[in-house]
Structures are given as structure tokens and as C-alpha cells.
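S.K.: Below: one structure in C-alpha cells.
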Amino acid sequence: MYDLTTRRHALNLVAQGRSLNSVSKETGISRAAIRSWQHRIEPLPRIRATDCTAPADREAYVYLLGLYLGDGCISRHPRGGHYLRIACADAWPGLIDECRRAIRAVRPENKVYVLQRQGCVNVTSYGRHWTCLFPQHGPGRKHDRRIVLDGWQQNLVDAHPWAFIRGLIHSDGCRIVNWTRRGEKRYEYPRYFFTNKSDDIRKLCTDTLTKVGVEWTILARGSDPLNVSIAKRASTALMDAHVGPKY
């Protein structure tokens, strides 16, 4: 990692008309590095191996946290480390791409690949810090155990609430268009739902919705209050501006 003074010195030599090859020989810096500094001189943020709760891209992490709480799981690799898997329906190729970008942004050093399953894909990444980044991991299903955010996670959600809401809606939510008739006229209006069996995860969703000014109600499925509904015009307009339909 070269400091800014070193980088500026190398670029000043190039600006004097020197070739990349000659500057590289004089400074001991590779031509590829000097060439990249011509486009971006500031060092890219790096994550120390011991700093496993410092995602490279915080907003992408908050979005990925929403996806994980909805449709994600973590499993141990027999030789150490863990797999992060996010299930995404085949019907939403845009969501699959967003999920892959988010994982790459959070852990740039980890590879990301897609495993096809019937009707869906598992966007998968192997790494040694997924359980650190997602301490909600544990045995059994999420709705059978407590799900509470660590303080550092809540701070990130508070800083990027819409990214968290988008992740939750993209995993276990949807945008639909309802309609009604008034006389002979048909009126259509959007509506958002978030459905999850975990009381804790639903509360994380509704608490965050309240913070950004979105009004919501709970609709029961039978005797179970599984559905968060957003139907008021001002609130659906906010959701359309920051979340929108899956694609």
C-alpha cells in the first residue's frame, strides 16, 4: 500500500513526459499500479484480516443483511470457513445480479458463484468471516430463535435504513397492484407486503419503516400475524422511490 505522497511523486514524473516504464524503474513501483493511479489516486479501503466486522461497503452490507435475514443461510465448510447462501427466485434475474454485486462489495476478496436449484438459485460465497458479519447465524430456523442485531449492525442500519428495507422486501416481500371499482371506474393502487415467520425479523422491518416515515399495518394469516402491509398512498410513494418492484 503506497501513501499519497509516493503516488503523487510517481504521477508527477509521468506528467513530465516520462514513460511508465522509466518511472517504474526509478521508483520500483509497477507500471500497472502507476497506470491505475492515473484514474484513482486515493487508496482503496482495505479490510484487515482481524477486522471481520468491517464490511468494505457499508450500504451494500446493510442491503445484504436484509437479504440474509429473509432468504439467507450460513453453513460450515468441512475444512474450515463458511458458505453464505442467499436463495433468489429465477423469476427475478435483476435481484440475482444485485445480490452478487452486494456480496462482492462487502467482501471483495471472496469469490461469488451461482448454484442452480429447482425454481431458484443459491448465490453463494465462501469465506472465513461470514459468521462474524452475520452473528445471527445459529442452529435451526431463524423463526425458532431470537434474532437481535449487534450494536454495530444497528448503527449501520440506522445510517442506511432504505438499503435494509430494500433487502428485506427483495427477500421476503413484494409489490403488488390492487384494484377497486367506484361506480363504473376501476382504480389501481400499489401495495407492499413483507412476510416472515420470525416476530423479531418482522419487528426489525417495522421499526425501520417507522424511522423513515412509512406507515404500516399487520395482517394475520389465519391466527398468525405474518404479514406487514403498506398501503397508504404517501407510504407506497416512499417505497416506490426507494425500493420499487423486484425485477
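Lettering and numbering for the C-alpha cells are positional, with chains as A, B, ... in the shown order, residues counted from 1 in each chain, and ligands counted from 1 in the shown order.
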Which residues are near A:Lys246? Cut-off 7 Å, only C-alpha atoms, ignore same chain within fewer than 3 positions. Put them as JSON, numbers by chain.

M.R.: {"A": [92, 95, 170]}

S.K.: List the spatial neighbours of A:Arg100 as a VMD selection string - criterion: any atom at most 8 Å away, only C-alpha atoms, same-chain residues fewer than 4 positions off excluded.

M.R.: chain A and resid 96 104 112 to 113 123

S.K.: Would you compute the distance between atom CA of A:His77 and atom CA of A:Val121? Give it in Å to one decimal.

M.R.: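 Separation of atom CA of A:His77 and atom CA of A:Val121: 19.4 Å.
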
S.K.: Please identify every residue of stretch 115-134 of chain A that has at least one atom no farther than 8 Å from an atom of stretch 51-74 of chain A, counting only C-alpha atoms, and for each give the shortest atom pair and the distance in Å to one decimal, arranged by chain then increasing number, as JSON lines.

M.R.:
{"residue": "A:His129", "atom": "CA", "partner": "A:Cys52", "partner_atom": "CA", "distance": 5.7}
{"residue": "A:Trp130", "atom": "CA", "partner": "A:Ile74", "partner_atom": "CA", "distance": 7.5}
{"residue": "A:Thr131", "atom": "CA", "partner": "A:Ile74", "partner_atom": "CA", "distance": 7.4}
{"residue": "A:Cys132", "atom": "CA", "partner": "A:Cys52", "partner_atom": "CA", "distance": 6.0}
{"residue": "A:Leu133", "atom": "CA", "partner": "A:Thr53", "partner_atom": "CA", "distance": 5.3}
{"residue": "A:Phe134", "atom": "CA", "partner": "A:Leu65", "partner_atom": "CA", "distance": 7.5}

S.K.: Write a file of the selected residues as a PDB file, in the first residue's frame, keeping C-alpha atoms.

M.R.:
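Result file is out31.pdb:
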ATOM      1  CA  HIS A 129     -15.740 -14.194   8.242  1.00  0.00           C
ATOM      2  CA  TRP A 130     -19.399 -14.694   7.279  1.00  0.00           C
ATOM      3  CA  THR A 131     -20.351 -15.725  10.812  1.00  0.00           C
ATOM      4  CA  CYS A 132     -18.660 -12.566  12.107  1.00  0.00           C
ATOM      5  CA  LEU A 133     -20.557 -10.378   9.647  1.00  0.00           C
ATOM      6  CA  PHE A 134     -23.826 -12.198  10.359  1.00  0.00           C
TER       7      PHE A 134
END

S.K.: For each of A:Val114, A:Leu209, A:Ile165, A:Ile230, take the minimum atom-to-atom distance to A:Val177, counting only C-alpha atoms, then give the residue where this is smallest.

M.R.: A:Ile230

S.K.: Compare A:Arg35, A:Arg18, A:His242, A:His82 by their minimum atom-to-atom distance to A:Arg128, counting only C-alpha atoms, and give me the closest one.

M.R.: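 Once distances to A:Arg128 are computed over only C-alpha atoms, the minimum belongs to A:His82.
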